[in-house]
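Note: the block below is data_9.cif and it holds mmCIF, C-alpha atoms.
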```cif
data_protein
#
loop_
_atom_site.group_PDB
_atom_site.id
_atom_site.type_symbol
_atom_site.label_atom_id
_atom_site.label_comp_id
_atom_site.auth_asym_id
_atom_site.auth_seq_id
_atom_site.Cartn_x
_atom_site.Cartn_y
_atom_site.Cartn_z
ATOM 1 C CA MET A 8 -16.202 -11.445 0.453
ATOM 2 C CA ILE A 9 -15.210 -7.783 0.510
ATOM 3 C CA ASN A 10 -17.617 -5.396 -1.225
ATOM 4 C CA ILE A 11 -15.466 -4.367 -4.215
ATOM 5 C CA LYS A 12 -17.896 -1.668 -5.366
ATOM 6 C CA ARG A 13 -17.716 0.022 -1.968
ATOM 7 C CA ALA A 14 -13.922 -0.235 -1.959
ATOM 8 C CA LEU A 15 -13.678 1.280 -5.450
ATOM 9 C CA GLY A 16 -16.065 4.035 -4.399
ATOM 10 C CA ALA A 17 -13.804 4.858 -1.473
ATOM 11 C CA VAL A 18 -10.816 4.887 -3.837
ATOM 12 C CA ALA A 19 -12.561 7.325 -6.185
ATOM 13 C CA PHE A 20 -13.628 9.578 -3.304
ATOM 14 C CA SER A 21 -10.103 9.686 -1.855
ATOM 15 C CA CYS A 22 -8.547 10.458 -5.235
ATOM 16 C CA ALA A 23 -11.065 13.222 -5.865
ATOM 17 C CA ALA A 24 -10.360 14.705 -2.427
ATOM 18 C CA ILE A 25 -6.609 14.669 -3.026
ATOM 19 C CA GLY A 26 -7.082 16.216 -6.469
ATOM 20 C CA PHE A 27 -9.284 18.962 -5.010
ATOM 21 C CA THR A 28 -6.682 19.668 -2.317
ATOM 22 C CA PHE A 29 -3.937 19.840 -4.939
ATOM 23 C CA ALA A 30 -5.888 22.256 -7.108
ATOM 24 C CA THR A 31 -6.979 24.421 -4.168
ATOM 25 C CA VAL A 32 -3.541 24.719 -2.596
ATOM 26 C CA GLY A 33 -1.922 25.418 -5.949
ATOM 27 C CA GLY A 34 -4.521 28.091 -6.734
ATOM 28 C CA VAL A 35 -4.167 29.796 -3.349
ATOM 29 C CA GLN A 36 -0.410 29.860 -3.604
ATOM 30 C CA ALA A 37 -0.535 31.270 -7.135
ATOM 31 C CA ALA A 38 -2.971 33.977 -6.009
ATOM 32 C CA ASN A 39 -0.669 35.077 -3.183
ATOM 33 C CA LEU A 40 2.470 35.295 -5.306
ATOM 34 C CA PRO A 41 3.400 38.451 -7.237
ATOM 35 C CA SER A 42 3.032 38.207 -10.975
ATOM 36 C CA ALA A 43 6.177 37.155 -12.801
ATOM 37 C CA PRO A 44 7.072 35.742 -16.212
ATOM 38 C CA GLU A 45 6.115 32.073 -16.407
ATOM 39 C CA PRO A 46 9.217 29.858 -16.485
ATOM 40 C CA GLU A 47 9.740 27.536 -19.392
ATOM 41 C CA PRO A 48 8.915 23.915 -18.497
ATOM 42 C CA GLN A 49 11.994 21.757 -18.093
ATOM 43 C CA ILE A 50 12.053 18.341 -19.772
ATOM 44 C CA VAL A 51 14.422 15.702 -18.400
ATOM 45 C CA ALA A 52 17.004 14.661 -20.964
ATOM 46 C CA ALA A 53 16.613 11.157 -22.350
ATOM 47 C CA ASP A 54 19.995 10.033 -21.005
ATOM 48 C CA GLU A 55 19.547 11.403 -17.463
ATOM 49 C CA TRP A 56 18.599 9.094 -14.601
ATOM 50 C CA VAL A 57 15.734 10.153 -12.331
ATOM 51 C CA VAL A 58 16.037 8.201 -9.068
ATOM 52 C CA SER A 59 13.975 8.492 -5.879
ATOM 53 C CA THR A 60 13.254 6.527 -2.730
ATOM 54 C CA THR A 61 10.220 7.117 -0.511
ATOM 55 C CA PRO A 62 10.055 5.651 3.018
ATOM 56 C CA TYR A 63 6.643 6.254 4.563
ATOM 57 C CA PHE A 64 4.455 5.319 7.519
ATOM 58 C CA TRP A 65 1.195 3.586 6.585
ATOM 59 C CA ILE A 66 -1.719 3.896 9.050
ATOM 60 C CA THR A 67 -3.559 0.664 8.274
ATOM 61 C CA PHE A 68 -7.215 -0.338 8.668
ATOM 62 C CA TYR A 69 -8.516 -3.843 7.942
ATOM 63 C CA GLU A 70 -11.692 -5.295 6.471
ATOM 64 C CA GLY A 71 -12.021 -9.026 5.838
ATOM 65 C CA ASP A 72 -10.581 -12.252 7.183
ATOM 66 C CA ILE A 73 -7.728 -14.765 7.092
ATOM 67 C CA THR A 74 -8.212 -18.555 7.329
ATOM 68 C CA ILE A 75 -5.450 -20.743 8.809
ATOM 69 C CA ASN A 76 -5.911 -24.523 8.628
ATOM 70 C CA GLY A 77 -9.689 -24.089 8.417
ATOM 71 C CA GLN A 78 -9.927 -21.576 11.268
ATOM 72 C CA THR A 79 -11.115 -18.139 10.140
ATOM 73 C CA VAL A 80 -9.933 -14.974 11.869
ATOM 74 C CA ASP A 81 -12.167 -11.946 11.282
ATOM 75 C CA LEU A 82 -10.130 -8.717 11.194
ATOM 76 C CA SER A 83 -12.966 -6.409 10.124
ATOM 77 C CA GLY A 84 -13.020 -3.134 12.012
ATOM 78 C CA THR A 85 -9.482 -3.450 13.376
ATOM 79 C CA SER A 86 -6.662 -1.000 12.755
ATOM 80 C CA ILE A 87 -3.092 -0.244 13.709
ATOM 81 C CA PHE A 88 -4.471 1.870 16.576
ATOM 82 C CA ASP A 89 -5.735 -1.330 18.251
ATOM 83 C CA ILE A 90 -2.182 -2.650 18.110
ATOM 84 C CA PHE A 91 -0.759 0.542 19.614
ATOM 85 C CA ASP A 92 -3.338 0.431 22.426
ATOM 86 C CA ALA A 93 -2.376 -3.136 23.301
ATOM 87 C CA GLY A 94 1.347 -2.417 23.029
ATOM 88 C CA ASN A 95 1.821 -5.402 20.730
ATOM 89 C CA LEU A 96 3.657 -3.849 17.792
ATOM 90 C CA ASN A 97 6.634 -6.148 17.148
ATOM 91 C CA PHE A 98 8.175 -3.567 14.824
ATOM 92 C CA PRO A 99 6.700 -0.541 13.011
ATOM 93 C CA PRO A 100 5.427 -0.875 9.433
ATOM 94 C CA MET A 101 8.503 -0.504 7.230
ATOM 95 C CA VAL A 102 7.301 0.647 3.828
ATOM 96 C CA ASN A 103 9.447 2.011 0.997
ATOM 97 C CA TYR A 104 8.877 2.782 -2.663
ATOM 98 C CA PHE A 105 11.987 2.997 -4.878
ATOM 99 C CA GLU A 106 11.957 4.132 -8.499
ATOM 100 C CA ALA A 107 14.569 4.766 -11.200
ATOM 101 C CA ARG A 108 13.783 6.096 -14.689
ATOM 102 C CA LYS A 109 15.871 6.953 -17.746
ATOM 103 C CA GLY A 110 14.044 8.388 -20.714
ATOM 104 C CA ARG A 111 10.759 6.540 -21.195
ATOM 105 C CA TRP A 112 11.846 3.360 -19.356
ATOM 106 C CA GLY A 113 12.263 2.690 -15.675
ATOM 107 C CA GLY A 114 11.784 0.276 -12.829
ATOM 108 C CA TYR A 115 10.330 0.215 -9.316
ATOM 109 C CA LEU A 116 10.576 -1.762 -6.076
ATOM 110 C CA ASP A 117 7.763 -1.438 -3.522
ATOM 111 C CA THR A 118 8.263 -3.223 -0.173
ATOM 112 C CA THR A 119 6.066 -3.531 2.918
ATOM 113 C CA LEU A 120 7.078 -5.349 6.116
ATOM 114 C CA VAL A 121 4.839 -5.377 9.206
ATOM 115 C CA GLY A 122 5.010 -7.395 12.411
ATOM 116 C CA PHE A 123 2.440 -7.177 15.191
ATOM 117 C CA GLU A 124 0.168 -9.026 17.600
ATOM 118 C CA PHE A 125 -3.590 -8.746 17.997
ATOM 119 C CA GLY A 126 -5.043 -9.333 21.433
ATOM 120 C CA ALA A 127 -8.017 -11.578 22.162
ATOM 121 C CA GLY A 128 -10.358 -8.576 22.330
ATOM 122 C CA ASP A 129 -9.351 -7.244 18.905
ATOM 123 C CA ILE A 130 -10.382 -10.165 16.685
ATOM 124 C CA SER A 131 -13.182 -12.730 16.419
ATOM 125 C CA LEU A 132 -13.205 -16.301 15.121
ATOM 126 C CA ARG A 133 -15.439 -18.333 12.831
ATOM 127 C CA GLY A 134 -14.916 -22.073 12.630
ATOM 128 C CA PRO A 135 -14.246 -24.976 15.008
ATOM 129 C CA VAL A 136 -12.919 -22.656 17.754
ATOM 130 C CA THR A 137 -14.815 -19.725 19.244
ATOM 131 C CA ARG A 138 -12.314 -18.415 21.785
ATOM 132 C CA THR A 139 -8.917 -16.865 21.037
ATOM 133 C CA VAL A 140 -5.780 -16.013 22.979
ATOM 134 C CA GLY A 141 -4.119 -13.825 20.355
ATOM 135 C CA LEU A 142 -2.753 -13.532 16.848
ATOM 136 C CA ASP A 143 0.956 -13.110 16.055
ATOM 137 C CA TYR A 144 1.201 -11.816 12.510
ATOM 138 C CA THR A 145 4.155 -11.029 10.208
ATOM 139 C CA TYR A 146 3.405 -9.694 6.747
ATOM 140 C CA LEU A 147 5.807 -9.115 3.831
ATOM 141 C CA LEU A 148 4.897 -7.672 0.442
ATOM 142 C CA VAL A 149 7.486 -7.220 -2.331
ATOM 143 C CA HIS A 150 6.358 -5.669 -5.626
ATOM 144 C CA ALA A 151 8.837 -5.058 -8.472
ATOM 145 C CA GLY A 152 8.403 -4.221 -12.116
ATOM 146 C CA LEU A 153 9.012 -2.042 -15.162
ATOM 147 C CA ILE A 154 7.701 1.399 -16.116
ATOM 148 C CA TYR A 155 7.118 2.755 -19.615
ATOM 149 C CA THR A 156 6.058 6.383 -20.144
ATOM 150 C CA ALA A 157 3.387 6.085 -22.831
ATOM 151 C CA ALA A 158 2.412 9.766 -23.071
ATOM 152 C CA GLU A 159 3.591 13.186 -21.884
ATOM 153 C CA TRP A 160 1.854 16.558 -21.956
ATOM 154 C CA VAL A 161 3.929 19.683 -21.400
ATOM 155 C CA GLN A 162 1.859 22.532 -19.945
ATOM 156 C CA PRO A 163 2.781 26.223 -19.493
ATOM 157 C CA ASN A 164 3.113 25.755 -15.725
ATOM 158 C CA GLY A 165 4.182 22.111 -15.466
ATOM 159 C CA ASN A 166 3.816 18.714 -17.075
ATOM 160 C CA VAL A 167 1.655 15.581 -16.951
ATOM 161 C CA ALA A 168 2.616 12.013 -17.897
ATOM 162 C CA PHE A 169 0.958 8.610 -18.109
ATOM 163 C CA ASP A 170 2.998 5.485 -17.329
ATOM 164 C CA LEU A 171 2.284 1.829 -18.039
ATOM 165 C CA MET A 172 3.446 -0.448 -15.210
ATOM 166 C CA GLY A 173 3.836 -4.213 -15.038
ATOM 167 C CA GLY A 174 5.617 -6.577 -12.701
ATOM 168 C CA VAL A 175 5.430 -9.324 -10.089
ATOM 169 C CA ARG A 176 4.238 -9.193 -6.476
ATOM 170 C CA TYR A 177 5.188 -11.648 -3.727
ATOM 171 C CA THR A 178 2.972 -11.923 -0.629
ATOM 172 C CA TYR A 179 4.071 -13.690 2.563
ATOM 173 C CA TYR A 180 2.188 -14.248 5.832
ATOM 174 C CA ASP A 181 3.644 -15.931 8.929
ATOM 175 C CA ILE A 182 0.674 -16.425 11.256
ATOM 176 C CA ASP A 183 0.490 -17.926 14.743
ATOM 177 C CA LEU A 184 -3.036 -18.026 16.195
ATOM 178 C CA GLY A 185 -3.348 -18.982 19.853
ATOM 179 C CA VAL A 186 -6.730 -20.438 20.857
ATOM 180 C CA VAL A 187 -8.595 -21.937 23.798
ATOM 181 C CA THR A 188 -10.697 -25.026 23.006
ATOM 182 C CA CYS A 189 -13.493 -25.920 25.415
ATOM 183 C CA ARG A 190 -15.624 -29.095 25.164
ATOM 184 C CA ARG A 191 -19.324 -29.070 25.901
ATOM 185 C CA ALA A 192 -18.902 -31.676 28.607
ATOM 186 C CA PRO A 193 -18.300 -29.777 31.876
ATOM 187 C CA ALA A 194 -15.952 -32.444 33.209
ATOM 188 C CA ILE A 195 -13.462 -31.927 30.356
ATOM 189 C CA PRO A 196 -11.194 -28.921 30.989
ATOM 190 C CA CYS A 197 -10.387 -26.348 28.369
ATOM 191 C CA THR A 198 -7.138 -26.767 26.445
ATOM 192 C CA VAL A 199 -4.768 -24.164 25.021
ATOM 193 C CA GLY A 200 -3.543 -24.734 21.493
ATOM 194 C CA GLY A 201 -3.016 -22.909 18.258
ATOM 195 C CA PHE A 202 -3.049 -22.719 14.508
ATOM 196 C CA LYS A 203 0.242 -21.860 12.847
ATOM 197 C CA ASP A 204 0.950 -21.603 9.148
ATOM 198 C CA THR A 205 2.888 -19.781 6.455
ATOM 199 C CA LEU A 206 0.943 -18.435 3.487
ATOM 200 C CA ASP A 207 2.720 -17.144 0.394
ATOM 201 C CA TRP A 208 2.071 -16.644 -3.306
ATOM 202 C CA TRP A 209 3.161 -14.802 -6.467
ATOM 203 C CA ASP A 210 1.124 -12.520 -8.729
ATOM 204 C CA ILE A 211 1.715 -10.905 -12.101
ATOM 205 C CA THR A 212 0.498 -7.297 -11.956
ATOM 206 C CA LEU A 213 -0.608 -4.912 -14.687
ATOM 207 C CA GLY A 214 -1.373 -1.250 -14.075
ATOM 208 C CA GLY A 215 -0.766 2.378 -14.820
ATOM 209 C CA ARG A 216 -0.016 5.726 -13.281
ATOM 210 C CA LEU A 217 -1.036 9.304 -13.997
ATOM 211 C CA ARG A 218 1.408 11.846 -12.562
ATOM 212 C CA GLY A 219 1.753 15.600 -12.784
ATOM 213 C CA GLN A 220 3.966 18.360 -11.441
ATOM 214 C CA ASN A 221 3.677 22.141 -11.568
ATOM 215 C CA ASP A 222 6.321 24.841 -11.339
ATOM 216 C CA ASN A 223 5.242 25.795 -7.797
ATOM 217 C CA GLY A 224 6.698 22.532 -6.501
ATOM 218 C CA TRP A 225 3.476 20.553 -6.074
ATOM 219 C CA ASN A 226 3.122 17.062 -7.524
ATOM 220 C CA LEU A 227 0.268 14.599 -7.763
ATOM 221 C CA ALA A 228 0.157 10.907 -8.709
ATOM 222 C CA LEU A 229 -2.482 8.213 -9.007
ATOM 223 C CA ARG A 230 -1.402 4.635 -9.702
ATOM 224 C CA GLY A 231 -3.173 1.330 -9.628
ATOM 225 C CA ASP A 232 -2.728 -2.307 -10.596
ATOM 226 C CA ILE A 233 -4.696 -5.530 -10.779
ATOM 227 C CA ALA A 234 -3.602 -9.149 -10.496
ATOM 228 C CA GLY A 235 -5.071 -12.609 -10.204
ATOM 229 C CA ALA A 236 -6.960 -14.197 -13.088
ATOM 230 C CA GLY A 237 -6.424 -17.585 -11.448
ATOM 231 C CA LEU A 238 -2.601 -17.543 -11.599
ATOM 232 C CA GLU A 239 -2.031 -17.936 -7.860
ATOM 233 C CA SER A 240 -4.475 -15.494 -6.268
ATOM 234 C CA ASP A 241 -8.086 -15.197 -7.353
ATOM 235 C CA PHE A 242 -8.000 -11.402 -7.519
ATOM 236 C CA SER A 243 -5.942 -8.474 -6.279
ATOM 237 C CA LEU A 244 -6.428 -4.718 -6.592
ATOM 238 C CA GLN A 245 -4.151 -1.897 -5.441
ATOM 239 C CA THR A 246 -4.638 1.871 -5.724
ATOM 240 C CA VAL A 247 -2.313 4.566 -4.394
ATOM 241 C CA ALA A 248 -3.048 8.309 -4.545
ATOM 242 C CA THR A 249 -0.398 10.818 -3.445
ATOM 243 C CA VAL A 250 0.143 14.555 -3.229
ATOM 244 C CA GLY A 251 3.564 16.061 -2.512
ATOM 245 C CA ARG A 252 5.465 19.301 -2.071
ATOM 246 C CA ASP A 253 9.093 19.707 -3.166
ATOM 247 C CA PHE A 254 11.685 21.397 -0.966
ATOM 248 C CA SER A 255 15.444 21.414 -0.455
ATOM 249 C CA VAL A 256 17.665 21.038 2.600
ATOM 250 C CA GLY A 257 21.148 22.165 1.684
ATOM 251 C CA ARG A 258 22.130 20.228 -1.423
ATOM 252 C CA PHE A 259 19.468 17.564 -0.913
ATOM 253 C CA ASP A 260 16.212 17.663 -2.893
ATOM 254 C CA MET A 261 13.213 16.118 -1.157
ATOM 255 C CA SER A 262 9.414 16.024 -1.220
ATOM 256 C CA ALA A 263 6.922 15.757 1.630
ATOM 257 C CA ILE A 264 4.409 13.083 0.619
ATOM 258 C CA ALA A 265 0.875 12.329 1.839
ATOM 259 C CA GLY A 266 -1.660 9.959 0.363
ATOM 260 C CA TYR A 267 -3.996 7.004 0.685
ATOM 261 C CA ARG A 268 -3.347 3.362 -0.220
ATOM 262 C CA PHE A 269 -5.807 0.527 -0.865
ATOM 263 C CA LEU A 270 -4.738 -3.110 -1.220
ATOM 264 C CA TYR A 271 -7.296 -5.880 -1.631
ATOM 265 C CA GLN A 272 -6.189 -9.530 -1.903
ATOM 266 C CA ASP A 273 -8.323 -12.646 -2.442
ATOM 267 C CA TRP A 274 -6.340 -15.903 -2.329
ATOM 268 C CA SER A 275 -7.023 -19.486 -1.232
ATOM 269 C CA LYS A 276 -5.220 -22.815 -1.198
ATOM 270 C CA GLY A 277 -6.459 -25.898 0.620
ATOM 271 C CA ASN A 278 -7.576 -24.932 4.130
ATOM 272 C CA ASP A 279 -5.860 -21.532 3.971
ATOM 273 C CA ALA A 280 -7.320 -18.327 2.556
ATOM 274 C CA VAL A 281 -6.932 -14.539 2.566
ATOM 275 C CA ASP A 282 -9.864 -12.241 1.788
ATOM 276 C CA LEU A 283 -8.599 -8.931 3.125
ATOM 277 C CA LEU A 284 -8.715 -5.233 2.320
ATOM 278 C CA THR A 285 -5.895 -3.212 3.899
ATOM 279 C CA HIS A 286 -6.214 0.535 3.505
ATOM 280 C CA GLY A 287 -5.312 3.824 5.133
ATOM 281 C CA PRO A 288 -3.499 7.151 4.836
ATOM 282 C CA PHE A 289 0.267 7.489 4.842
ATOM 283 C CA LEU A 290 2.931 10.156 5.354
ATOM 284 C CA GLY A 291 6.500 10.063 4.143
ATOM 285 C CA LEU A 292 9.543 11.745 2.642
ATOM 286 C CA GLN A 293 10.760 11.287 -0.908
ATOM 287 C CA PHE A 294 14.492 11.675 -1.523
ATOM 288 C CA HIS A 295 15.677 12.564 -5.040
ATOM 289 C CA PHE A 296 19.090 11.570 -6.371
#
```
Spell out the structure here as structure tokens.
Amino acid sequence: MINIKRALGAVAFSCAAIGFTFATVGGVQAANLPSAPEPEPQIVAADEWVVSTTPYFWITFYEGDITINGQTVDLSGTSIFDIFDAGNLNFPPMVNYFEARKGRWGGYLDTTLVGFEFGAGDISLRGPVTRTVGLDYTYLLVHAGLIYTAAEWVQPNGNVAFDLMGGVRYTYYDIDLGVVTCRRAPAIPCTVGGFKDTLDWWDITLGGRLRGQNDNGWNLALRGDIAGAGLESDFSLQTVATVGRDFSVGRFDMSAIAGYRFLYQDWSKGNDAVDLLTHGPFLGLQFHF
């Protein structure tokens, strides 16, 4: 079982670091700019759509394990760098967050699709088999829901808002584990086999988001959600902290985004189980429409 307290501590530390960076950069920039009258904060009209899409690259690290037909694969200590070293990335992590808001209401669609292979030296096994050939792993996560802006605070140099978020999350694993089985009797040769299975489940998620933006073009957001309670998974926790800087290219408004994402999932059914924390920094571009 993943140490939840340690994971939450890492979440808090990362959010504090991003907040400190946001405050420091904003303060330095303000100190270097000549004094000028403070602009009036602009409030989006209630009937105006605010739409954005954010493709980003997630540098993933793993702690925990996956069990396929009773065979447990320990992924602790592995990362996407192990996959790059082995040259076994089937396709790069395709991650995108889409959001549309109008007035206080809105919706979001968060998708993650990853396909890769772990080599025999990257993972270890616990169970009936102690030797592995490799792990072919396709992972899909689709998270969609509604947003309601519960509170807004307009400041002299920007604004802050708190959103309530709720939705559904679908998780899908297609796993093919190649193994070598050797009997204790020396006369019996080793055999090559495998464990292959598809794991999938639905969750209802509840969460919130605190977001802020100042007139210098910096923005900060912290969102999180929980799921589980025995519906299909036992427990799930996600936290995403981001900091961004607005800029324009011609007529297109964009933001450079950096942040850190934690996703912990604990699920089991029959001889299959997932007890895995996936986390890491990410970089991306947000396009505003």
Expand the PyMOL selection byres ((chain A and resi 99-104) around 12) into the explicit residue set it covers here, and present it as a PDB file with C-alpha atoms, in the coordinates of the input.
```pdb
ATOM      1  CA  VAL A  58      16.037   8.201  -9.068  1.00  0.00           C
ATOM      2  CA  SER A  59      13.975   8.492  -5.879  1.00  0.00           C
ATOM      3  CA  THR A  60      13.254   6.527  -2.730  1.00  0.00           C
ATOM      4  CA  THR A  61      10.220   7.117  -0.511  1.00  0.00           C
ATOM      5  CA  PRO A  62      10.055   5.651   3.018  1.00  0.00           C
ATOM      6  CA  TYR A  63       6.643   6.254   4.563  1.00  0.00           C
ATOM      7  CA  PHE A  64       4.455   5.319   7.519  1.00  0.00           C
ATOM      8  CA  TRP A  65       1.195   3.586   6.585  1.00  0.00           C
ATOM      9  CA  ILE A  66      -1.719   3.896   9.050  1.00  0.00           C
ATOM     10  CA  THR A  67      -3.559   0.664   8.274  1.00  0.00           C
ATOM     11  CA  ILE A  87      -3.092  -0.244  13.709  1.00  0.00           C
ATOM     12  CA  PHE A  88      -4.471   1.870  16.576  1.00  0.00           C
ATOM     13  CA  ILE A  90      -2.182  -2.650  18.110  1.00  0.00           C
ATOM     14  CA  PHE A  91      -0.759   0.542  19.614  1.00  0.00           C
ATOM     15  CA  GLY A  94       1.347  -2.417  23.029  1.00  0.00           C
ATOM     16  CA  ASN A  95       1.821  -5.402  20.730  1.00  0.00           C
ATOM     17  CA  LEU A  96       3.657  -3.849  17.792  1.00  0.00           C
ATOM     18  CA  ASN A  97       6.634  -6.148  17.148  1.00  0.00           C
ATOM     19  CA  PHE A  98       8.175  -3.567  14.824  1.00  0.00           C
ATOM     20  CA  PHE A 105      11.987   2.997  -4.878  1.00  0.00           C
ATOM     21  CA  GLU A 106      11.957   4.132  -8.499  1.00  0.00           C
ATOM     22  CA  ALA A 107      14.569   4.766 -11.200  1.00  0.00           C
ATOM     23  CA  GLY A 114      11.784   0.276 -12.829  1.00  0.00           C
ATOM     24  CA  TYR A 115      10.330   0.215  -9.316  1.00  0.00           C
ATOM     25  CA  LEU A 116      10.576  -1.762  -6.076  1.00  0.00           C
ATOM     26  CA  ASP A 117       7.763  -1.438  -3.522  1.00  0.00           C
ATOM     27  CA  THR A 118       8.263  -3.223  -0.173  1.00  0.00           C
ATOM     28  CA  THR A 119       6.066  -3.531   2.918  1.00  0.00           C
ATOM     29  CA  LEU A 120       7.078  -5.349   6.116  1.00  0.00           C
ATOM     30  CA  VAL A 121       4.839  -5.377   9.206  1.00  0.00           C
ATOM     31  CA  GLY A 122       5.010  -7.395  12.411  1.00  0.00           C
ATOM     32  CA  PHE A 123       2.440  -7.177  15.191  1.00  0.00           C
ATOM     33  CA  GLU A 124       0.168  -9.026  17.600  1.00  0.00           C
ATOM     34  CA  THR A 145       4.155 -11.029  10.208  1.00  0.00           C
ATOM     35  CA  TYR A 146       3.405  -9.694   6.747  1.00  0.00           C
ATOM     36  CA  LEU A 147       5.807  -9.115   3.831  1.00  0.00           C
ATOM     37  CA  LEU A 148       4.897  -7.672   0.442  1.00  0.00           C
ATOM     38  CA  VAL A 149       7.486  -7.220  -2.331  1.00  0.00           C
ATOM     39  CA  HIS A 150       6.358  -5.669  -5.626  1.00  0.00           C
ATOM     40  CA  ALA A 151       8.837  -5.058  -8.472  1.00  0.00           C
ATOM     41  CA  GLY A 152       8.403  -4.221 -12.116  1.00  0.00           C
ATOM     42  CA  VAL A 247      -2.313   4.566  -4.394  1.00  0.00           C
ATOM     43  CA  ILE A 264       4.409  13.083   0.619  1.00  0.00           C
ATOM     44  CA  ARG A 268      -3.347   3.362  -0.220  1.00  0.00           C
ATOM     45  CA  PHE A 289       0.267   7.489   4.842  1.00  0.00           C
ATOM     46  CA  LEU A 290       2.931  10.156   5.354  1.00  0.00           C
ATOM     47  CA  GLY A 291       6.500  10.063   4.143  1.00  0.00           C
ATOM     48  CA  LEU A 292       9.543  11.745   2.642  1.00  0.00           C
ATOM     49  CA  GLN A 293      10.760  11.287  -0.908  1.00  0.00           C
ATOM     50  CA  PHE A 294      14.492  11.675  -1.523  1.00  0.00           C
TER      51      PHE A 294
END
```
Please provide the set of residues having any atom within 12 Å of stretch 73-75 of chain A, restricted to all atoms listed in the file, with same-chain residues fewer than 2 positions apart removed, written as a PDB file with C-alpha atoms, keeping the file's coordinate frame.
```pdb
ATOM      1  CA  MET A   8     -16.202 -11.445   0.453  1.00  0.00           C
ATOM      2  CA  TYR A  69      -8.516  -3.843   7.942  1.00  0.00           C
ATOM      3  CA  GLU A  70     -11.692  -5.295   6.471  1.00  0.00           C
ATOM      4  CA  GLY A  71     -12.021  -9.026   5.838  1.00  0.00           C
ATOM      5  CA  GLY A  77      -9.689 -24.089   8.417  1.00  0.00           C
ATOM      6  CA  GLN A  78      -9.927 -21.576  11.268  1.00  0.00           C
ATOM      7  CA  THR A  79     -11.115 -18.139  10.140  1.00  0.00           C
ATOM      8  CA  VAL A  80      -9.933 -14.974  11.869  1.00  0.00           C
ATOM      9  CA  ASP A  81     -12.167 -11.946  11.282  1.00  0.00           C
ATOM     10  CA  LEU A  82     -10.130  -8.717  11.194  1.00  0.00           C
ATOM     11  CA  SER A  83     -12.966  -6.409  10.124  1.00  0.00           C
ATOM     12  CA  ILE A 130     -10.382 -10.165  16.685  1.00  0.00           C
ATOM     13  CA  SER A 131     -13.182 -12.730  16.419  1.00  0.00           C
ATOM     14  CA  LEU A 132     -13.205 -16.301  15.121  1.00  0.00           C
ATOM     15  CA  ARG A 133     -15.439 -18.333  12.831  1.00  0.00           C
ATOM     16  CA  GLY A 134     -14.916 -22.073  12.630  1.00  0.00           C
ATOM     17  CA  PRO A 135     -14.246 -24.976  15.008  1.00  0.00           C
ATOM     18  CA  VAL A 136     -12.919 -22.656  17.754  1.00  0.00           C
ATOM     19  CA  LEU A 142      -2.753 -13.532  16.848  1.00  0.00           C
ATOM     20  CA  TYR A 144       1.201 -11.816  12.510  1.00  0.00           C
ATOM     21  CA  TYR A 180       2.188 -14.248   5.832  1.00  0.00           C
ATOM     22  CA  ASP A 181       3.644 -15.931   8.929  1.00  0.00           C
ATOM     23  CA  ILE A 182       0.674 -16.425  11.256  1.00  0.00           C
ATOM     24  CA  ASP A 183       0.490 -17.926  14.743  1.00  0.00           C
ATOM     25  CA  LEU A 184      -3.036 -18.026  16.195  1.00  0.00           C
ATOM     26  CA  GLY A 185      -3.348 -18.982  19.853  1.00  0.00           C
ATOM     27  CA  GLY A 201      -3.016 -22.909  18.258  1.00  0.00           C
ATOM     28  CA  PHE A 202      -3.049 -22.719  14.508  1.00  0.00           C
ATOM     29  CA  LYS A 203       0.242 -21.860  12.847  1.00  0.00           C
ATOM     30  CA  ASP A 204       0.950 -21.603   9.148  1.00  0.00           C
ATOM     31  CA  THR A 205       2.888 -19.781   6.455  1.00  0.00           C
ATOM     32  CA  LEU A 206       0.943 -18.435   3.487  1.00  0.00           C
ATOM     33  CA  GLN A 272      -6.189  -9.530  -1.903  1.00  0.00           C
ATOM     34  CA  ASP A 273      -8.323 -12.646  -2.442  1.00  0.00           C
ATOM     35  CA  TRP A 274      -6.340 -15.903  -2.329  1.00  0.00           C
ATOM     36  CA  SER A 275      -7.023 -19.486  -1.232  1.00  0.00           C
ATOM     37  CA  LYS A 276      -5.220 -22.815  -1.198  1.00  0.00           C
ATOM     38  CA  GLY A 277      -6.459 -25.898   0.620  1.00  0.00           C
ATOM     39  CA  ASN A 278      -7.576 -24.932   4.130  1.00  0.00           C
ATOM     40  CA  ASP A 279      -5.860 -21.532   3.971  1.00  0.00           C
ATOM     41  CA  ALA A 280      -7.320 -18.327   2.556  1.00  0.00           C
ATOM     42  CA  VAL A 281      -6.932 -14.539   2.566  1.00  0.00           C
ATOM     43  CA  ASP A 282      -9.864 -12.241   1.788  1.00  0.00           C
ATOM     44  CA  LEU A 283      -8.599  -8.931   3.125  1.00  0.00           C
ATOM     45  CA  LEU A 284      -8.715  -5.233   2.320  1.00  0.00           C
TER      46      LEU A 284
END
```
Using all atoms listed in the file, find the one residue out of A:Arg216, A:Arg176, A:Arg108, A:His286 that sits nearest to A:Gly266.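 Using all atoms listed in the file, the shortest distance to A:Gly266 belongs to A:His286.
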Expected selection from the PyMOL selection byres ((chain A and resi 252) around 6), given as number ranges by chain: A: 224-225, 251, 253, 262-263
Tell me, as a list in words, which residues lie within 8 Å of stretch 235-244 of chain A, counting all atoms listed in the file; anything in the same chain fewer than 3 positions away does not count.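 Listing them by chain and then by number gives Trp208, Trp209, Asp210, Ile211, Thr212, Gly231, Asp232, Phe269, Leu270, Tyr271, Gln272, Asp273, Trp274 and Ser275 of chain A.
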Pick out the closest residue to A:Gln162 from this set: A:Asp222, A:Pro288, A:Ser86, A:Asp54. Count only C-alpha atoms.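 Nearest candidate to A:Gln162 out of A:Asp222, A:Pro288, A:Ser86, A:Asp54: A:Asp222.
Closest approach to A:Gly214 among A:Tyr179, A:Asp89, A:Gly173, A:Arg258: A:Gly173, based on all atoms listed in the file.
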